[in-house]
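Asker: Structure file my_file08.txt (compact mmCIF, C-alpha atoms and all ligand atoms) is given on the next line.
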# COMPACT_ATOMS: atom_id res chain seq x y z
CA VAL A 257 0.00 0.00 0.00
CA GLY A 258 2.88 2.40 0.70
CA ALA A 259 2.55 5.95 1.96
CA GLY A 260 -0.50 6.64 -0.18
CA VAL A 261 -1.84 9.80 -1.75
CA LEU A 262 -1.76 13.30 -0.23
CA ILE A 263 -4.32 15.75 -1.58
CA VAL A 264 -3.73 19.49 -1.11
CA GLY A 265 -7.14 21.17 -0.76
CA GLY A 266 -10.48 19.83 0.44
CA GLY A 267 -12.97 21.42 -1.96
CA MET A 268 -15.19 19.56 -4.43
CA ILE A 269 -12.17 18.58 -6.48
CA GLY A 270 -9.95 17.31 -3.65
CA GLY A 271 -12.89 15.62 -1.92
CA SER A 272 -14.10 13.89 -5.08
CA ILE A 273 -10.61 12.62 -5.90
CA ALA A 274 -10.25 11.34 -2.34
CA CYS A 275 -13.50 9.34 -2.58
CA GLU A 276 -12.57 7.88 -5.94
CA LEU A 277 -9.10 6.80 -4.78
CA ALA A 278 -10.32 5.43 -1.44
CA ARG A 279 -12.94 3.33 -3.26
CA HIS A 280 -10.10 1.84 -5.27
CA GLY A 281 -8.27 0.82 -2.14
CA LEU A 282 -5.71 3.61 -1.90
CA ARG A 283 -4.67 5.26 1.35
CA VAL A 284 -5.61 8.92 1.11
CA GLN A 285 -5.16 12.05 3.21
CA ILE A 286 -6.58 15.52 2.52
CA PHE A 287 -4.87 18.68 3.80
CA ASP A 288 -6.84 21.88 4.06
CA ARG A 289 -5.54 25.13 5.47
CA GLN A 290 -8.94 25.80 7.07
CA GLN A 291 -12.25 23.99 7.44
CA PRO A 292 -12.52 22.20 4.06
CA GLY A 293 -15.32 22.90 1.60
CA LEU A 294 -15.73 26.62 2.26
CA GLU A 295 -14.12 28.24 -0.79
CA ALA A 296 -15.29 28.20 -4.43
CA SER A 297 -17.15 24.91 -3.97
CA TRP A 298 -19.30 26.56 -1.31
CA ALA A 299 -19.81 29.75 -3.30
CA ALA A 300 -20.89 28.24 -6.63
CA ALA A 301 -24.32 28.28 -8.25
CA GLY A 302 -24.40 24.53 -8.84
CA MET A 303 -25.33 24.59 -12.51
CA LEU A 304 -24.37 21.46 -14.40
CA ALA A 305 -24.24 22.85 -17.91
CA PRO A 306 -21.89 21.04 -20.29
CA THR A 307 -22.21 23.71 -22.97
CA GLU A 308 -19.78 25.62 -25.13
CA SER A 309 -19.47 29.20 -23.97
CA HIS A 310 -16.41 31.01 -25.20
CA GLU A 311 -12.85 29.80 -25.38
CA THR A 312 -13.49 26.43 -23.82
CA ARG A 313 -13.99 24.15 -26.82
CA PRO A 314 -11.66 21.33 -25.66
CA LEU A 315 -13.63 21.19 -22.44
CA VAL A 316 -16.95 20.13 -23.93
CA PRO A 317 -16.25 16.37 -24.23
CA LEU A 318 -14.89 16.35 -20.67
CA ALA A 319 -17.88 18.30 -19.38
CA GLN A 320 -20.31 15.96 -21.11
CA ALA A 321 -18.51 12.89 -19.80
CA SER A 322 -18.61 14.37 -16.30
CA PHE A 323 -22.31 15.17 -16.62
CA ASP A 324 -22.96 11.56 -17.66
CA LEU A 325 -21.23 10.38 -14.48
CA TYR A 326 -23.28 12.72 -12.26
CA PRO A 327 -26.29 10.55 -11.34
CA ALA A 328 -24.10 7.62 -10.27
CA PHE A 329 -21.59 9.95 -8.60
CA VAL A 330 -24.28 11.63 -6.49
CA ALA A 331 -25.94 8.30 -5.65
CA ALA A 332 -22.63 6.87 -4.42
CA VAL A 333 -21.81 9.98 -2.39
CA GLU A 334 -25.30 10.10 -0.86
CA GLU A 335 -25.13 6.45 0.02
CA ALA A 336 -21.69 6.63 1.60
CA SER A 337 -22.44 9.85 3.52
CA GLY A 338 -26.12 9.46 4.35
CA LEU A 339 -26.56 13.08 3.18
CA LYS A 340 -28.60 14.55 0.30
CA ALA A 341 -27.04 16.69 -2.43
CA GLY A 342 -30.10 18.22 -4.14
CA PHE A 343 -29.24 16.90 -7.61
CA VAL A 344 -31.89 17.49 -10.28
CA ALA A 345 -31.53 16.61 -13.96
CA SER A 346 -33.43 19.36 -15.76
CA ALA A 347 -33.11 21.34 -18.99
CA GLY A 348 -31.51 24.79 -19.05
CA LEU A 349 -33.27 27.71 -20.71
CA HIS A 350 -31.13 30.39 -22.38
CA VAL A 351 -33.03 33.51 -23.39
CA PHE A 352 -32.12 36.55 -25.46
CA PHE A 353 -33.35 40.13 -25.37
CA GLY A 354 -33.17 43.13 -27.67
CA ASP A 355 -32.81 43.76 -31.37
CA ARG A 356 -30.06 41.21 -31.90
CA ALA A 357 -31.84 38.44 -29.99
CA GLU A 358 -32.38 36.11 -32.94
CA ALA A 359 -28.86 36.59 -34.26
CA GLU A 360 -27.36 35.95 -30.82
CA ARG A 361 -29.53 32.86 -30.40
CA ASP A 362 -28.35 31.52 -33.75
CA GLU A 363 -24.71 32.09 -32.79
CA VAL A 364 -25.07 30.23 -29.50
CA LEU A 365 -27.06 27.49 -31.23
CA SER A 366 -24.51 26.84 -33.97
CA LEU A 367 -21.53 27.11 -31.62
CA ASN A 368 -23.04 24.45 -29.40
CA ARG A 369 -24.23 22.20 -32.21
CA SER A 370 -20.76 22.31 -33.75
CA VAL A 371 -19.35 20.60 -30.65
CA GLY A 372 -22.17 18.09 -30.30
CA VAL A 373 -24.14 19.74 -27.49
CA SER A 374 -27.87 19.04 -27.79
CA VAL A 375 -29.81 22.25 -27.99
CA GLU A 376 -33.15 23.29 -29.52
CA ALA A 377 -34.48 26.70 -30.50
CA VAL A 378 -37.97 27.24 -29.09
CA ASP A 379 -40.29 30.18 -29.62
CA VAL A 380 -40.85 32.53 -26.73
CA ALA A 381 -44.43 31.30 -26.23
CA GLU A 382 -43.08 27.80 -25.67
CA ALA A 383 -40.39 29.11 -23.35
CA ARG A 384 -43.08 30.90 -21.32
CA ARG A 385 -45.12 27.73 -21.18
CA LEU A 386 -42.05 26.05 -19.61
CA GLU A 387 -41.41 29.03 -17.33
CA PRO A 388 -44.51 31.17 -16.84
CA GLY A 389 -42.49 33.73 -14.89
CA LEU A 390 -40.22 34.44 -17.86
CA ASN A 391 -40.16 38.05 -19.00
CA PRO A 392 -42.52 38.51 -22.00
CA ALA A 393 -39.91 40.92 -23.42
CA ALA A 394 -37.62 37.95 -24.20
CA ARG A 395 -37.23 37.72 -27.96
CA ALA A 396 -35.60 34.31 -28.51
CA ALA A 397 -34.87 31.17 -26.52
CA LEU A 398 -32.87 27.96 -26.52
CA VAL A 399 -33.50 24.80 -24.52
CA PHE A 400 -30.50 22.67 -23.49
CA PRO A 401 -32.15 19.35 -22.56
CA ASN A 402 -29.11 17.60 -21.05
CA GLU A 403 -28.36 19.73 -18.03
CA GLY A 404 -28.89 19.67 -14.31
CA ARG A 405 -28.22 21.41 -11.06
CA VAL A 406 -27.07 20.48 -7.60
CA ASP A 407 -26.92 22.14 -4.21
CA ASN A 408 -23.13 22.50 -4.30
CA ARG A 409 -22.85 23.28 -0.57
CA ALA A 410 -24.78 20.14 0.33
CA LEU A 411 -22.86 18.10 -2.23
CA THR A 412 -19.45 19.31 -1.04
CA ASP A 413 -20.40 18.46 2.56
CA ALA A 414 -21.62 15.05 1.41
CA VAL A 415 -18.45 14.38 -0.59
CA LEU A 416 -16.24 15.22 2.42
CA ALA A 417 -18.40 13.12 4.74
CA ALA A 418 -18.26 10.24 2.26
CA ALA A 419 -14.48 10.56 2.04
CA SER A 420 -14.26 10.34 5.83
CA LYS A 421 -16.48 7.26 5.92
CA LEU A 422 -14.30 5.68 3.24
CA GLY A 423 -11.30 6.06 5.54
CA VAL A 424 -9.74 9.25 4.14
CA GLY A 425 -7.81 11.22 6.76
CA ILE A 426 -8.84 14.88 6.71
CA HIS A 427 -6.37 17.36 8.21
CA ARG A 428 -8.22 20.60 8.95
CA GLY A 429 -6.34 23.83 9.56
CA LYS A 430 -3.15 22.40 8.00
CA PRO A 431 -1.88 24.64 5.22
CA VAL A 432 0.54 22.94 2.86
CA GLU A 433 3.64 25.13 2.75
CA ALA A 434 5.87 23.12 0.47
CA ILE A 435 6.15 20.08 -1.73
CA GLU A 436 8.88 17.75 -0.50
CA ILE A 437 11.34 16.67 -3.20
CA GLU A 438 13.99 13.96 -2.88
CA ASN A 439 16.20 12.65 -5.70
CA GLY A 440 14.07 14.35 -8.34
CA ARG A 441 10.82 12.90 -7.03
CA CYS A 442 7.94 14.37 -5.06
CA VAL A 443 7.85 12.41 -1.83
CA GLY A 444 5.32 14.31 0.29
CA VAL A 445 4.34 17.69 1.65
CA ARG A 446 5.22 19.99 4.49
CA ALA A 447 2.10 21.22 6.29
CA ALA A 448 1.99 23.31 9.45
CA GLU A 449 5.73 22.64 9.91
CA GLU A 450 5.32 18.85 9.83
CA THR A 451 6.43 16.58 7.03
CA PHE A 452 4.07 13.97 5.60
CA ALA A 453 5.28 11.24 3.25
CA GLY A 454 3.26 10.29 0.18
CA ASP A 455 3.79 8.25 -2.97
CA TRP A 456 1.68 10.82 -4.78
CA VAL A 457 0.76 14.43 -4.13
CA VAL A 458 -2.29 15.90 -5.88
CA MET A 459 -2.56 19.70 -5.95
CA ALA A 460 -6.25 20.61 -5.65
CA ALA A 461 -6.11 23.94 -3.85
CA GLY A 462 -8.36 25.81 -6.29
CA CYS A 463 -7.32 29.39 -7.03
CA PHE A 464 -4.74 29.15 -4.23
CA SER A 465 -2.76 26.40 -5.98
CA ALA A 466 -0.24 28.87 -7.41
CA GLN A 467 0.61 30.01 -3.87
CA VAL A 468 2.16 26.67 -2.95
CA PRO A 469 5.89 26.93 -3.71
CA GLY A 470 6.80 24.59 -6.55
CA ALA A 471 3.24 24.32 -7.89
CA GLU A 472 3.08 27.68 -9.63
CA ARG A 473 5.00 26.65 -12.75
CA TYR A 474 2.42 23.92 -13.37
CA ALA A 475 -0.63 25.70 -12.01
CA PRO A 476 -0.58 29.46 -12.64
CA THR A 477 -4.06 29.84 -11.15
CA ARG A 478 -5.59 33.18 -10.27
CA PRO A 479 -8.78 34.13 -8.44
CA VAL A 480 -11.73 35.31 -10.52
CA ARG A 481 -14.31 36.71 -8.14
CA GLY A 482 -17.97 35.92 -8.50
CA GLN A 483 -20.68 37.55 -6.41
CA MET A 484 -23.96 35.78 -5.71
CA VAL A 485 -27.39 36.57 -4.26
CA ALA A 486 -29.96 34.19 -2.78
CA LEU A 487 -33.60 35.16 -3.04
CA ARG A 488 -36.70 33.75 -1.48
CA TYR A 489 -39.89 34.46 -3.33
CA ALA A 490 -43.54 33.96 -2.65
CA GLU A 491 -46.13 32.43 -4.99
CA PRO A 492 -47.13 32.95 -7.69
CA VAL A 493 -43.52 33.20 -8.95
CA ARG A 494 -42.24 29.82 -9.93
CA VAL A 495 -38.89 29.03 -11.47
CA ALA A 496 -38.56 25.36 -12.33
CA GLN A 497 -35.24 25.27 -14.14
CA VAL A 498 -32.06 27.21 -14.69
CA ILE A 499 -32.77 30.32 -16.77
CA ARG A 500 -29.90 32.38 -18.13
CA SER A 501 -29.11 35.26 -20.45
CA GLU A 502 -25.87 36.85 -21.57
CA ARG A 503 -26.06 38.94 -18.38
CA GLY A 504 -26.81 36.48 -15.61
CA TYR A 505 -28.63 33.40 -14.39
CA VAL A 506 -31.14 32.16 -11.83
CA VAL A 507 -30.92 28.68 -10.32
CA PRO A 508 -33.77 27.24 -8.24
CA ARG A 509 -32.87 25.23 -5.14
CA GLU A 510 -34.94 22.43 -3.68
CA ASP A 511 -35.35 24.37 -0.41
CA GLY A 512 -37.36 27.12 -2.12
CA ARG A 513 -34.46 29.55 -2.44
CA LEU A 514 -33.22 30.72 -5.76
CA VAL A 515 -29.64 31.75 -6.36
CA ALA A 516 -28.76 34.46 -8.84
CA GLY A 517 -25.37 35.28 -10.27
CA SER A 518 -22.83 36.36 -11.04
CA THR A 519 -19.92 38.68 -11.69
CA LEU A 520 -16.54 37.86 -13.25
CA GLU A 521 -14.03 40.12 -11.52
CA ASP A 522 -10.31 40.41 -11.25
CA ALA A 523 -10.13 41.59 -7.63
CA GLY A 524 -7.37 39.52 -6.09
CA PHE A 525 -8.25 37.34 -3.11
CA GLU A 526 -10.72 39.87 -1.69
CA LYS A 527 -14.12 38.18 -1.26
CA ARG A 528 -16.21 41.31 -1.11
CA VAL A 529 -19.83 41.84 -2.09
CA THR A 530 -20.21 45.25 -3.74
CA PRO A 531 -23.22 47.46 -4.49
CA GLU A 532 -22.28 47.43 -8.15
CA GLY A 533 -21.99 43.64 -8.27
CA LEU A 534 -25.28 43.14 -6.49
CA SER A 535 -27.16 45.59 -8.67
CA GLN A 536 -25.80 43.96 -11.82
CA ILE A 537 -26.95 40.52 -10.62
CA LEU A 538 -30.35 41.71 -9.42
CA ARG A 539 -30.98 43.58 -12.68
CA ALA A 540 -30.14 40.48 -14.71
CA ALA A 541 -32.37 38.29 -12.51
CA ALA A 542 -35.31 40.69 -12.78
CA GLU A 543 -34.83 40.92 -16.52
CA LEU A 544 -35.23 37.13 -16.69
CA VAL A 545 -38.13 36.85 -14.25
CA PRO A 546 -39.63 40.31 -13.51
CA ALA A 547 -41.55 39.11 -10.44
CA LEU A 548 -38.20 38.52 -8.71
CA SER A 549 -37.93 42.30 -8.21
CA SER A 550 -40.12 41.90 -5.14
CA ALA A 551 -38.46 38.74 -3.78
CA ALA A 552 -36.63 38.84 -0.44
CA VAL A 553 -32.83 38.98 -0.55
CA VAL A 554 -31.84 36.32 2.00
CA GLU A 555 -28.09 36.01 1.50
CA THR A 556 -25.24 37.55 -0.44
CA TRP A 557 -21.71 36.20 -0.82
CA SER A 558 -18.78 35.98 -3.15
CA GLY A 559 -16.25 33.32 -4.06
CA LEU A 560 -13.06 32.89 -6.04
CA ARG A 561 -13.08 30.78 -9.17
CA PRO A 562 -9.79 29.09 -9.96
CA GLY A 563 -8.98 30.84 -13.24
CA THR A 564 -6.14 29.87 -15.60
CA PRO A 565 -4.43 31.71 -18.48
CA ASP A 566 -6.39 29.77 -21.13
CA HIS A 567 -9.58 29.16 -19.09
CA LEU A 568 -8.99 25.41 -19.20
CA PRO A 569 -8.43 23.21 -16.15
CA ILE A 570 -4.98 21.90 -15.26
CA LEU A 571 -5.08 18.14 -14.94
CA GLY A 572 -2.55 15.38 -14.76
CA PRO A 573 1.06 14.48 -14.10
CA THR A 574 3.86 17.02 -14.03
CA ASP A 575 7.50 16.44 -14.95
CA LEU A 576 8.20 15.87 -11.26
CA PRO A 577 7.40 12.19 -10.69
CA GLY A 578 4.77 11.77 -7.97
CA LEU A 579 3.24 15.24 -8.39
CA LEU A 580 -0.13 15.71 -10.14
CA MET A 581 -2.32 18.76 -10.66
CA ALA A 582 -6.12 18.86 -10.42
CA THR A 583 -6.97 22.52 -10.42
CA GLY A 584 -7.99 25.53 -12.50
CA HIS A 585 -11.60 24.41 -12.99
CA TYR A 586 -12.67 28.03 -13.32
CA ARG A 587 -16.45 28.22 -13.91
CA ASN A 588 -17.14 24.48 -14.08
CA GLY A 589 -15.52 22.73 -11.14
CA ILE A 590 -18.75 21.39 -9.68
CA LEU A 591 -19.69 19.87 -13.02
CA LEU A 592 -16.17 18.58 -13.72
CA ALA A 593 -15.50 16.95 -10.33
CA PRO A 594 -16.64 13.38 -11.13
CA PHE A 595 -14.59 13.13 -14.31
CA THR A 596 -11.60 14.88 -12.78
CA ALA A 597 -11.62 12.27 -10.01
CA ARG A 598 -11.73 9.46 -12.55
CA LEU A 599 -8.84 10.89 -14.57
CA ILE A 600 -6.62 11.35 -11.51
CA ARG A 601 -7.38 7.78 -10.42
CA GLU A 602 -6.49 6.48 -13.90
CA TRP A 603 -3.20 8.37 -13.90
CA ILE A 604 -2.29 7.10 -10.44
CA VAL A 605 -3.51 3.52 -10.77
CA GLN A 606 -2.95 2.82 -14.47
CA GLY A 607 -0.36 5.40 -15.42
CA GLU A 608 -2.48 6.56 -18.37
CA VAL A 609 -5.97 7.86 -19.07
CA SER A 610 -8.80 6.68 -21.28
CA VAL A 611 -9.34 10.05 -23.03
CA GLU A 612 -7.25 12.64 -24.86
CA ALA A 613 -6.20 15.02 -22.10
CA GLY A 614 -3.21 16.80 -23.63
CA ALA A 615 -5.01 20.16 -23.73
CA PHE A 616 -5.18 20.10 -19.93
CA SER A 617 -1.56 19.14 -19.26
CA PRO A 618 0.20 21.00 -16.43
CA LEU A 619 3.23 21.23 -18.73
CA ARG A 620 1.54 23.48 -21.29
CA PHE A 621 2.50 26.73 -19.54
CA GLU A 622 6.20 25.89 -19.45
CA ARG A 623 6.05 24.95 -23.12
CA GLN A 624 4.38 28.27 -23.89
CA SER A 625 6.93 30.37 -22.01
CA PHE A 626 9.73 28.33 -23.59
CA GLN A 627 8.35 29.07 -27.04
CA ALA A 628 7.80 32.69 -26.13
CA THR A 629 11.41 33.21 -25.06
CA ARG A 630 12.96 31.53 -28.09
C1 LIG B 1 -19.75 32.56 -7.87
C2 LIG B 1 -19.35 31.24 -8.44
C3 LIG B 1 -20.27 30.50 -9.18
C4 LIG B 1 -19.91 29.27 -9.71
N1 LIG B 1 -20.86 28.52 -10.36
C5 LIG B 1 -20.54 27.28 -10.81
C6 LIG B 1 -21.53 26.45 -11.40
O1 LIG B 1 -22.70 26.86 -11.50
N2 LIG B 1 -21.18 25.23 -11.85
C7 LIG B 1 -19.90 24.75 -11.74
O2 LIG B 1 -19.64 23.64 -12.18
N3 LIG B 1 -18.93 25.52 -11.17
C8 LIG B 1 -19.22 26.75 -10.71
N4 LIG B 1 -18.27 27.54 -10.13
C9 LIG B 1 -16.88 27.07 -10.15
C10 LIG B 1 -16.59 26.08 -9.04
O3 LIG B 1 -17.09 26.59 -7.83
C11 LIG B 1 -15.09 25.83 -8.92
O4 LIG B 1 -14.53 25.53 -10.17
C12 LIG B 1 -14.83 24.64 -7.98
O5 LIG B 1 -15.53 24.81 -6.78
C13 LIG B 1 -13.35 24.47 -7.71
O6 LIG B 1 -13.21 23.48 -6.71
P1 LIG B 1 -11.83 23.25 -5.99
O7 LIG B 1 -12.01 22.12 -5.05
O8 LIG B 1 -10.75 23.16 -7.01
O9 LIG B 1 -11.53 24.64 -5.24
P2 LIG B 1 -12.09 25.22 -3.84
O10 LIG B 1 -13.49 24.86 -3.61
O11 LIG B 1 -11.72 26.67 -3.85
O12 LIG B 1 -11.23 24.46 -2.75
C14 LIG B 1 -9.85 24.68 -2.58
C15 LIG B 1 -9.48 24.26 -1.17
O13 LIG B 1 -8.06 24.32 -1.02
C16 LIG B 1 -7.78 24.82 0.28
N5 LIG B 1 -6.42 25.37 0.26
C17 LIG B 1 -5.97 26.48 -0.35
N6 LIG B 1 -4.64 26.63 -0.17
C18 LIG B 1 -4.23 25.59 0.58
C19 LIG B 1 -2.97 25.18 1.11
N7 LIG B 1 -1.84 25.86 0.87
N8 LIG B 1 -2.92 24.04 1.85
C20 LIG B 1 -4.05 23.31 2.07
N9 LIG B 1 -5.26 23.66 1.60
C21 LIG B 1 -5.35 24.78 0.85
C22 LIG B 1 -8.87 25.85 0.53
O14 LIG B 1 -9.02 26.12 1.90
C23 LIG B 1 -10.07 25.16 -0.09
O15 LIG B 1 -10.79 24.38 0.84
C24 LIG B 1 -18.60 28.77 -9.56
C25 LIG B 1 -17.67 29.51 -8.80
C26 LIG B 1 -18.05 30.72 -8.24
C27 LIG B 1 -17.06 31.47 -7.39
Would you mind writing the structure in this file as structure tokens?
Ligand SMILES: Cc1cc2nc3c(=O)[nH]c(=O)nc-3n(C[C@H](O)[C@H](O)[C@H](O)COP(=O)(O)OP(=O)(O)OC[C@H]3O[C@@H](n4cnc5c(N)ncnc54)[C@H](O)[C@@H]3O)c2cc1C
Answerer:
Amino acid sequence: VGAGVLIVGGGMIGGSIACELARHGLRVQIFDRQQPGLEASWAAAGMLAPTESHETRPLVPLAQASFDLYPAFVAAVEEASGLKAGFVASAGLHVFFGDRAEAERDEVLSLNRSVGVSVEAVDVAEARRLEPGLNPAARAALVFPNEGRVDNRALTDAVLAAASKLGVGIHRGKPVEAIEIENGRCVGVRAAEETFAGDWVVMAAGCFSAQVPGAERYAPTRPVRGQMVALRYAEPVRVAQVIRSERGYVVPREDGRLVAGSTLEDAGFEKRVTPEGLSQILRAAAELVPALSSAAVVETWSGLRPGTPDHLPILGPTDLPGLLMATGHYRNGILLAPFTARLIREWIVQGEVSVEAGAFSPLRFERQSFQATR
């Protein structure tokens, strides 16, 4: 069995990898610098939307594969933990406003079709039949049938509880300060001035990954702030599915709340909620469903997405034997967790993966800077 696997960071990504490895008989420990599960994985909206948005084309097959794993992933986590995760498979509705609505719809439609995402154009009357609260000013709509949502806070708690039940050691309040290297191999970590030996170290510290000395060259992550608002509304407003526009989204929760987001801000590690951010989110939410203007604001928060230079996650082995990266999931880490966990397990257990993952290699940044300096 050996010294096992040490995972740096106990968010959705670290927790999911821990469960996957423990189920395959590996000895696993998670290190978190605070109480695990309270960073981006806590802050997210919980949309499971394997769609093509902007520069993320190589991500679509991975996102779809991860979405396909979701029902079984949630069932296994719920069974092991005894906790519920609020997973619902349900179509996403994307609506467009203004003079360019049809043209914008057609762009989003063809972009998504070109990468094999199922999507249908529906007329606004049909969209309002699906969502009676939808703004009648909407001019065009798309339905993405293969989507879902999950209560990411509940799921992250359940994943960490499942990991614990599966025998994973969770070190709370233990910041990893260094990667231990011996004879050109990663042999463990130093955390809170103690050394821990591991056969493998997996860096899953979200946007903080680049702060761990030695990880930055593989994982140049940076925080991309997102503000969020939770609303509670009274009948007759009803939102049954995720509704989004180019300006924002609303996501219903099973507990009757509805979360609305979000901003994309370059604001360092400062998790502030600002008047400007809130008003942008609330305007976008009320544009989607006008009756939300009179809902009660019940919570506001912000979180830090793990951004990367090319907006793609950073997954897989490095050129330091024993060190793997599983970070940089940016806007899709909740969705991508099940497949990320599978890939890391395949790399550790089999030494290779079942899919083409070169676009996500932790070595791509070194290659780029090498080319740039030549
Ligand atoms: C506002 C917002 C909305 C989002 N909406 C969605 C969505 O709808 N769907 C979706 O799929 N994704 C969404 N995301 C993205 C998603 O939340 C992230 O991609 C995902 O949570 C990343 O998970 P993680 O485990 O890598 O990072 P995190 O959840 O940030 O966890 C990292 C962990 O590492 C720990 N850590 C940091 N440094 C150290 C250290 N030195 N030593 C030990 N531990 C350390 C931290 O304490 C933390 O617990 C959203 C994000 C935000 C902010």
Asker: Looking at all atoms listed in the file, which of A:Tyr586, A:Tyr489, A:Phe353, A:Tyr326 is the one that sits closest to Arg503 of chain A?
Answerer: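 Counting all atoms listed in the file, the residue closest to Arg503 of chain A is A:Phe353.
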Asker: List every protein, DNA or RNA residue that has at least one atom no more than 9 Å from (-19.5, 19.4, -12.4) in the file's coordinates, counting all atoms listed in the file, and write the result as a count of residues only.
Answerer: 17
Asker: Smallest atom-to-atom distance to Gly444 of chain A: which of A:Ala328, A:Leu262, A:Ile426, A:Ala490, using all atoms listed in the file?
Answerer: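 When distances to Gly444 of chain A are compared using all atoms listed in the file, the smallest one comes from A:Leu262.
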Asker: Using all atoms listed in the file, tabulate the residues of segment 527-582 of chain A lying at most 10 Å from any atom of segment 516-519 of chain A, each with its closest atom pair and that distance in Å to one decimal, by chain and increasing residue number, as a tab-separated table.
Answerer:
residue	atom	partner	partner_atom	distance
A:Glu532	CA	A:Thr519	CA	9.7
A:Gly533	CA	A:Thr519	CA	6.4
A:Leu534	CA	A:Ser518	CA	8.5
A:Gln536	CA	A:Thr519	CA	7.9
A:Ile537	CA	A:Gly517	CA	5.5
A:Leu538	CA	A:Ala516	CA	7.4
A:Ala540	CA	A:Gly517	CA	8.3
A:Ala541	CA	A:Ala516	CA	6.4
A:Ala542	CA	A:Ala516	CA	9.9
A:Thr556	CA	A:Ala516	CA	9.6
A:Ser558	CA	A:Ser518	CA	8.9
Asker: Give the residues close to ligand LIG 1 (chain B), within 7 Å, counting only C-alpha atoms and all ligand atoms; write them as an MDAnalysis selection string.
Answerer: chainID A and resid 264:270 287:304 430:433 460:465 467:468 481:484 517:518 558:562 583:592
